[in-house]
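As structure tokens, the structure follows; a few thoughts come after it.
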Amino acid sequence: MADRAAIVTGASSGIGLAIAHVLGQEGYALTLAARRPEKLEAAAGELSAKGYDLQAVPANVSEEADIKRVVDAHRDRYGRLDVLVNNAGVGVGAPVAEIQTKRLDMQLDVNLRSIVLFYRESIAMLKHAAAEHSNVLVVNTSSISGKRGEAWLSVYSATKHAVVGWTEAMNKELGAEGIKSTALCPAFVDTPMTDFVKGHVKAEEMIRPEDIAEAVRYLLKVSPACVIPEMMFVRPGDAL
Ligand SMILES: NC(=O)c1ccc[n+]([C@@H]2O[C@H](COP(=O)([O-])OP(=O)(O)OC[C@H]3O[C@@H](n4cnc5c(N)ncnc54)[C@H](OP(=O)(O)O)[C@@H]3O)[C@@H](O)[C@H]2O)c1
């Protein structure tokens, strides 16, 4: 059994991959989940080369059975869960009249429903770890769009607001037991997700995935007495 272990979703790219690096550096054994197996294997190879103890479990987090499979694989391999990073997310922009039901459902499923199901499936392991050291961390990747609604990204904004609300509720329900939840709320981060906007906003003017990951390193280190329900990351000139 590992001393400390974590699950990271959306770990094959961008923010999730950067957080996985930090957790590996901090000594966590890792279960990495993401949708496309080849991309996930490439990321797992990059992390393995650093010497981290890890497994990669391809999974579509919009599928309940896949979520159960990820948590089961983690339990089987590591037997404990100290950090859960619910980071997988998708954004599809559309004006309200053109919102497609399939894309609406996909964003609800990936950005919100999967987080609820990951908590539910992981809660026994999280409580067990909290009983041991009172400092379990769950990180839910929201967005700055989870703090202010964005035109055209209305569905995405709504799901990310829901992530902030869910995180607050989890702190009220589980915080006193030593399970702390934080919603990360960044503005533009230089990842493949923001490729669509890089004609207008240069990549080097965006937040780096490593900046977000360093915030998670900080969250790991704060005392069990300190709950940080949300962290906002804005860029110079960003309107709030
Ligand atoms: N980049 C930004 O500016 C920004 C700002 C605020 C919040 N965020 C949030 O940050 C999180 C990570 O995004 P990112 O910017 O790092 O984007 P990214 O580089 O595109 O990474 C997204 C990750 O989520 C995975 N994923 C997507 N759909 C999935 C599904 N159905 N099942 C399992 N895994 C799935 C992807 O795997 P596949 O590639 O295999 O699908 C990938 O690993 C998201 O929740 C996003 O909403 C991003």
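Each chain in the structure tokens gets a letter, A, B and so on, in the order shown; residues start at 1 in every chain, and ligands are counted from 1 in the order they appear.
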
Quiz item: Could you list, as a PyMOL selection string, all the residues within 7 Å of ligand 1, counting only C-alpha atoms and all ligand atoms?
Solution: chain A and resi 9-16+33-37+39-40+59-62+87-91+110-111+141-144+185-194

Quiz prompt | Distance query Gly24 of chain A at most 8 Å, only C-alpha atoms, self and fewer than 6 positions along chain excluded, as an NGL selection string | solution = :A and (30 or 47 or 52-53)

Quiz item: Which residue out of A:Gly93, A:Val222, A:Ala29, A:Glu41 has the minimum interatomic distance to Phe196 of chain A when only C-alpha atoms are used?
Solution: A:Gly93

Quiz item: Which of these residues is nearest to Ile7 of chain A, using only C-alpha atoms: A:Asp109, A:Ala124, A:Leu104, A:Leu137?
Solution: A:Leu137

Practice problem: Extract the full set of helix (DSSP H, G or I) residues from segment 129-158 of chain A according to DSSP on the backbone, and format it as a PyMOL selection string. | Solution: chain A and resi 129-133+144-146+154-158

Using only N, CA, C and O atoms, please write the residues we just selected to a file, as a PDB file, in the first residue's frame.
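Contents of part-v2.pdb, freshly written:
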ATOM      1  N   ALA A 129      -8.902   7.951   5.015  1.00  0.00           N
ATOM      2  CA  ALA A 129      -7.656   8.741   5.071  1.00  0.00           C
ATOM      3  C   ALA A 129      -7.817   9.918   6.028  1.00  0.00           C
ATOM      4  O   ALA A 129      -6.895  10.255   6.786  1.00  0.00           O
ATOM      5  N   ALA A 130      -8.995  10.550   6.017  1.00  0.00           N
ATOM      6  CA  ALA A 130      -9.229  11.699   6.904  1.00  0.00           C
ATOM      7  C   ALA A 130      -9.175  11.268   8.368  1.00  0.00           C
ATOM      8  O   ALA A 130      -8.675  12.000   9.225  1.00  0.00           O
ATOM      9  N   ALA A 131      -9.678  10.071   8.651  1.00  0.00           N
ATOM     10  CA  ALA A 131      -9.627   9.586  10.038  1.00  0.00           C
ATOM     11  C   ALA A 131      -8.180   9.387  10.471  1.00  0.00           C
ATOM     12  O   ALA A 131      -7.847   9.495  11.652  1.00  0.00           O
ATOM     13  N   GLU A 132      -7.312   9.120   9.502  1.00  0.00           N
ATOM     14  CA  GLU A 132      -5.903   8.880   9.815  1.00  0.00           C
ATOM     15  C   GLU A 132      -5.139  10.188  10.025  1.00  0.00           C
ATOM     16  O   GLU A 132      -4.374  10.311  10.975  1.00  0.00           O
ATOM     17  N   HIS A 133      -5.333  11.164   9.138  1.00  0.00           N
ATOM     18  CA  HIS A 133      -4.485  12.368   9.240  1.00  0.00           C
ATOM     19  C   HIS A 133      -5.239  13.697   9.120  1.00  0.00           C
ATOM     20  O   HIS A 133      -4.608  14.765   9.108  1.00  0.00           O
ATOM     21  N   ILE A 144     -12.980  30.669 -14.077  1.00  0.00           N
ATOM     22  CA  ILE A 144     -13.434  32.030 -13.789  1.00  0.00           C
ATOM     23  C   ILE A 144     -14.870  32.187 -14.300  1.00  0.00           C
ATOM     24  O   ILE A 144     -15.638  32.989 -13.784  1.00  0.00           O
ATOM     25  N   SER A 145     -15.225  31.360 -15.277  1.00  0.00           N
ATOM     26  CA  SER A 145     -16.623  31.349 -15.759  1.00  0.00           C
ATOM     27  C   SER A 145     -17.565  30.761 -14.717  1.00  0.00           C
ATOM     28  O   SER A 145     -18.784  30.825 -14.887  1.00  0.00           O
ATOM     29  N   GLY A 146     -17.006  30.169 -13.676  1.00  0.00           N
ATOM     30  CA  GLY A 146     -17.816  29.692 -12.557  1.00  0.00           C
ATOM     31  C   GLY A 146     -18.065  30.781 -11.530  1.00  0.00           C
ATOM     32  O   GLY A 146     -18.750  30.560 -10.528  1.00  0.00           O
ATOM     33  N   SER A 154     -22.449  29.919 -22.044  1.00  0.00           N
ATOM     34  CA  SER A 154     -23.453  29.921 -20.976  1.00  0.00           C
ATOM     35  C   SER A 154     -23.573  28.566 -20.280  1.00  0.00           C
ATOM     36  O   SER A 154     -23.635  28.490 -19.049  1.00  0.00           O
ATOM     37  N   VAL A 155     -23.587  27.501 -21.050  1.00  0.00           N
ATOM     38  CA  VAL A 155     -23.729  26.175 -20.432  1.00  0.00           C
ATOM     39  C   VAL A 155     -22.478  25.850 -19.621  1.00  0.00           C
ATOM     40  O   VAL A 155     -22.557  25.391 -18.470  1.00  0.00           O
ATOM     41  N   TYR A 156     -21.332  26.105 -20.225  1.00  0.00           N
ATOM     42  CA  TYR A 156     -20.057  25.898 -19.514  1.00  0.00           C
ATOM     43  C   TYR A 156     -20.072  26.704 -18.214  1.00  0.00           C
ATOM     44  O   TYR A 156     -19.736  26.183 -17.141  1.00  0.00           O
ATOM     45  N   SER A 157     -20.443  27.990 -18.303  1.00  0.00           N
ATOM     46  CA  SER A 157     -20.491  28.849 -17.107  1.00  0.00           C
ATOM     47  C   SER A 157     -21.417  28.260 -16.041  1.00  0.00           C
ATOM     48  O   SER A 157     -21.083  28.263 -14.846  1.00  0.00           O
ATOM     49  N   ALA A 158     -22.555  27.774 -16.468  1.00  0.00           N
ATOM     50  CA  ALA A 158     -23.521  27.223 -15.507  1.00  0.00           C
ATOM     51  C   ALA A 158     -22.946  25.987 -14.822  1.00  0.00           C
ATOM     52  O   ALA A 158     -23.072  25.826 -13.603  1.00  0.00           O
TER      53      ALA A 158
END

Please report, as JSON lines, each residue of segment 153-216 of chain A lying at most 10 Å from segment 69-86 of chain A, together with the nearest pair of atoms and the separation in Å rounded to one decimal; use only C-alpha atoms, and order rows by chain and ascending residue number.
{"residue": "A:Val163", "atom": "CA", "partner": "A:Asn86", "partner_atom": "CA", "distance": 10.0}
{"residue": "A:Ile179", "atom": "CA", "partner": "A:Asp82", "partner_atom": "CA", "distance": 9.0}
{"residue": "A:Lys180", "atom": "CA", "partner": "A:Val83", "partner_atom": "CA", "distance": 9.6}
{"residue": "A:Ser181", "atom": "CA", "partner": "A:Leu84", "partner_atom": "CA", "distance": 9.3}
{"residue": "A:Thr182", "atom": "CA", "partner": "A:Val85", "partner_atom": "CA", "distance": 9.7}
{"residue": "A:Ala183", "atom": "CA", "partner": "A:Asn86", "partner_atom": "CA", "distance": 9.5}
{"residue": "A:Val216", "atom": "CA", "partner": "A:Val85", "partner_atom": "CA", "distance": 9.6}

Write the residues of the selection above to a file with all heavy atoms, as a PDB file, in the first residue's frame.
ATOM      1  N   VAL A 163     -20.077  23.772  -9.942  1.00  0.00           N
ATOM      2  CA  VAL A 163     -18.907  23.163  -9.290  1.00  0.00           C
ATOM      3  C   VAL A 163     -18.535  23.954  -8.033  1.00  0.00           C
ATOM      4  O   VAL A 163     -18.203  23.373  -6.990  1.00  0.00           O
ATOM      5  CB  VAL A 163     -17.708  23.080 -10.274  1.00  0.00           C
ATOM      6  CG1 VAL A 163     -16.432  22.652  -9.538  1.00  0.00           C
ATOM      7  CG2 VAL A 163     -18.025  22.113 -11.410  1.00  0.00           C
ATOM      8  N   ILE A 179     -11.939  16.455   5.463  1.00  0.00           N
ATOM      9  CA  ILE A 179     -11.945  16.358   3.996  1.00  0.00           C
ATOM     10  C   ILE A 179     -12.247  17.754   3.459  1.00  0.00           C
ATOM     11  O   ILE A 179     -13.376  18.247   3.560  1.00  0.00           O
ATOM     12  CB  ILE A 179     -12.999  15.353   3.484  1.00  0.00           C
ATOM     13  CG1 ILE A 179     -12.717  13.977   4.067  1.00  0.00           C
ATOM     14  CG2 ILE A 179     -13.012  15.314   1.948  1.00  0.00           C
ATOM     15  CD1 ILE A 179     -13.815  12.942   3.793  1.00  0.00           C
ATOM     16  N   LYS A 180     -11.207  18.402   2.944  1.00  0.00           N
ATOM     17  CA  LYS A 180     -11.326  19.789   2.497  1.00  0.00           C
ATOM     18  C   LYS A 180     -11.452  19.823   0.981  1.00  0.00           C
ATOM     19  O   LYS A 180     -10.735  19.112   0.269  1.00  0.00           O
ATOM     20  CB  LYS A 180     -10.082  20.574   2.907  1.00  0.00           C
ATOM     21  CG  LYS A 180      -9.815  20.539   4.388  1.00  0.00           C
ATOM     22  CD  LYS A 180      -8.631  21.394   4.768  1.00  0.00           C
ATOM     23  CE  LYS A 180      -7.351  20.944   4.119  1.00  0.00           C
ATOM     24  NZ  LYS A 180      -6.180  21.683   4.587  1.00  0.00           N
ATOM     25  N   SER A 181     -12.366  20.668   0.494  1.00  0.00           N
ATOM     26  CA  SER A 181     -12.576  20.787  -0.950  1.00  0.00           C
ATOM     27  C   SER A 181     -12.260  22.213  -1.388  1.00  0.00           C
ATOM     28  O   SER A 181     -12.627  23.175  -0.712  1.00  0.00           O
ATOM     29  CB  SER A 181     -14.020  20.464  -1.310  1.00  0.00           C
ATOM     30  OG  SER A 181     -14.331  19.119  -0.977  1.00  0.00           O
ATOM     31  N   THR A 182     -11.592  22.310  -2.532  1.00  0.00           N
ATOM     32  CA  THR A 182     -11.278  23.627  -3.108  1.00  0.00           C
ATOM     33  C   THR A 182     -11.665  23.637  -4.581  1.00  0.00           C
ATOM     34  O   THR A 182     -11.334  22.698  -5.320  1.00  0.00           O
ATOM     35  CB  THR A 182      -9.769  23.931  -2.990  1.00  0.00           C
ATOM     36  OG1 THR A 182      -9.377  23.906  -1.619  1.00  0.00           O
ATOM     37  CG2 THR A 182      -9.444  25.307  -3.581  1.00  0.00           C
ATOM     38  N   ALA A 183     -12.350  24.690  -4.997  1.00  0.00           N
ATOM     39  CA  ALA A 183     -12.660  24.893  -6.422  1.00  0.00           C
ATOM     40  C   ALA A 183     -11.607  25.837  -7.004  1.00  0.00           C
ATOM     41  O   ALA A 183     -11.388  26.928  -6.475  1.00  0.00           O
ATOM     42  CB  ALA A 183     -14.049  25.487  -6.575  1.00  0.00           C
ATOM     43  N   VAL A 216      -1.989  24.026  -6.086  1.00  0.00           N
ATOM     44  CA  VAL A 216      -2.391  22.745  -5.481  1.00  0.00           C
ATOM     45  C   VAL A 216      -1.305  22.289  -4.498  1.00  0.00           C
ATOM     46  O   VAL A 216      -1.611  21.775  -3.414  1.00  0.00           O
ATOM     47  CB  VAL A 216      -2.668  21.684  -6.563  1.00  0.00           C
ATOM     48  CG1 VAL A 216      -2.916  20.314  -5.937  1.00  0.00           C
ATOM     49  CG2 VAL A 216      -3.869  22.104  -7.419  1.00  0.00           C
TER      50      VAL A 216
END

Quiz item: Per DSSP on the backbone, what are the strand (DSSP E) residues of segment 22-238 of chain A, as number ranges by chain?
Solution: A: 29-34, 54-58, 83-86, 136-141, 179-186, 230-233

Quiz item: Counting only C-alpha atoms, which of A:Gly51, A:Arg113, A:Leu174, A:Phe233 gets nearest to Ile212 of chain A?
Solution: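 Checking each of A:Gly51, A:Arg113, A:Leu174, A:Phe233 against Ile212 of chain A, counting only C-alpha atoms, the winner is A:Phe233.
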
Quiz item: Which polymer residues have any atom within 12 Å of an atom of Ala215 of chain A, counting only C-alpha atoms, with same-chain residues fewer than 2 positions away left out, as a ChimeraX atom specification?
Solution: /A:15,18-19,22-23,139,182-186,208-213,217-222,228,230-233

Residues of the last selection are to be written out with N, CA and C atoms, as a compact mmCIF listing (two decimals), in the first residue's frame.
# COMPACT_ATOMS: atom_id res chain seq x y z
N ILE A 15 -3.86 21.37 -17.40
CA ILE A 15 -3.86 21.60 -15.95
C ILE A 15 -3.74 20.28 -15.18
N ALA A 18 -0.21 18.95 -15.26
CA ALA A 18 0.68 19.75 -14.39
C ALA A 18 0.43 19.41 -12.92
N ILE A 19 -0.83 19.23 -12.54
CA ILE A 19 -1.13 18.86 -11.14
C ILE A 19 -0.57 17.47 -10.84
N VAL A 22 3.04 17.72 -9.93
CA VAL A 22 3.27 18.21 -8.57
C VAL A 22 2.97 17.12 -7.54
N LEU A 23 1.89 16.39 -7.74
CA LEU A 23 1.54 15.32 -6.79
C LEU A 23 2.61 14.23 -6.81
N VAL A 139 -9.79 18.58 -4.99
CA VAL A 139 -9.69 19.77 -5.84
C VAL A 139 -10.65 19.59 -7.00
N THR A 182 -11.59 22.31 -2.53
CA THR A 182 -11.28 23.63 -3.11
C THR A 182 -11.66 23.64 -4.58
N ALA A 183 -12.35 24.69 -5.00
CA ALA A 183 -12.66 24.89 -6.42
C ALA A 183 -11.61 25.84 -7.00
N LEU A 184 -10.97 25.39 -8.09
CA LEU A 184 -10.00 26.25 -8.79
C LEU A 184 -10.76 27.01 -9.87
N CYS A 185 -10.57 28.31 -9.91
CA CYS A 185 -11.35 29.16 -10.83
C CYS A 185 -10.41 30.02 -11.67
N PRO A 186 -9.76 29.42 -12.67
CA PRO A 186 -8.83 30.22 -13.46
C PRO A 186 -9.45 30.89 -14.67
N ARG A 208 -0.12 29.89 -16.76
CA ARG A 208 0.51 28.60 -17.11
C ARG A 208 -0.13 27.47 -16.28
N PRO A 209 -0.27 26.31 -16.86
CA PRO A 209 -0.78 25.17 -16.06
C PRO A 209 0.03 24.97 -14.79
N GLU A 210 1.33 25.24 -14.87
CA GLU A 210 2.22 25.06 -13.70
C GLU A 210 1.84 26.01 -12.57
N ASP A 211 1.30 27.20 -12.94
CA ASP A 211 0.87 28.14 -11.90
C ASP A 211 -0.27 27.54 -11.08
N ILE A 212 -1.19 26.89 -11.78
CA ILE A 212 -2.33 26.27 -11.08
C ILE A 212 -1.83 25.10 -10.23
N ALA A 213 -0.89 24.34 -10.79
CA ALA A 213 -0.38 23.17 -10.06
C ALA A 213 0.36 23.61 -8.80
N ARG A 217 -0.04 22.51 -4.85
CA ARG A 217 1.04 22.15 -3.90
C ARG A 217 0.83 22.91 -2.58
N TYR A 218 0.46 24.18 -2.71
CA TYR A 218 0.19 24.99 -1.51
C TYR A 218 -0.97 24.39 -0.71
N LEU A 219 -2.03 24.01 -1.43
CA LEU A 219 -3.20 23.44 -0.74
C LEU A 219 -2.83 22.19 0.05
N LEU A 220 -1.88 21.42 -0.48
CA LEU A 220 -1.44 20.21 0.22
C LEU A 220 -0.78 20.55 1.55
N LYS A 221 -0.19 21.75 1.61
CA LYS A 221 0.66 22.07 2.75
C LYS A 221 -0.05 22.87 3.85
N VAL A 222 -1.21 23.46 3.53
CA VAL A 222 -1.87 24.26 4.58
C VAL A 222 -2.36 23.33 5.69
N ILE A 228 -9.80 26.28 2.20
CA ILE A 228 -9.78 27.31 1.15
C ILE A 228 -10.82 26.89 0.11
N GLU A 230 -12.29 28.28 -2.44
CA GLU A 230 -12.08 28.52 -3.88
C GLU A 230 -10.84 29.38 -4.06
N MET A 231 -10.21 29.21 -5.21
CA MET A 231 -9.06 30.04 -5.58
C MET A 231 -9.33 30.60 -6.96
N MET A 232 -9.25 31.92 -7.08
CA MET A 232 -9.46 32.56 -8.38
C MET A 232 -8.12 32.97 -8.96
N PHE A 233 -7.97 32.78 -10.26
CA PHE A 233 -6.74 33.14 -10.96
C PHE A 233 -7.14 34.05 -12.12

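The closest residue to Lys50 of chain A, picked from A:Gln107, A:Gln25, A:Thr31, A:Thr101 and counting only C-alpha atoms, is A:Gln25.
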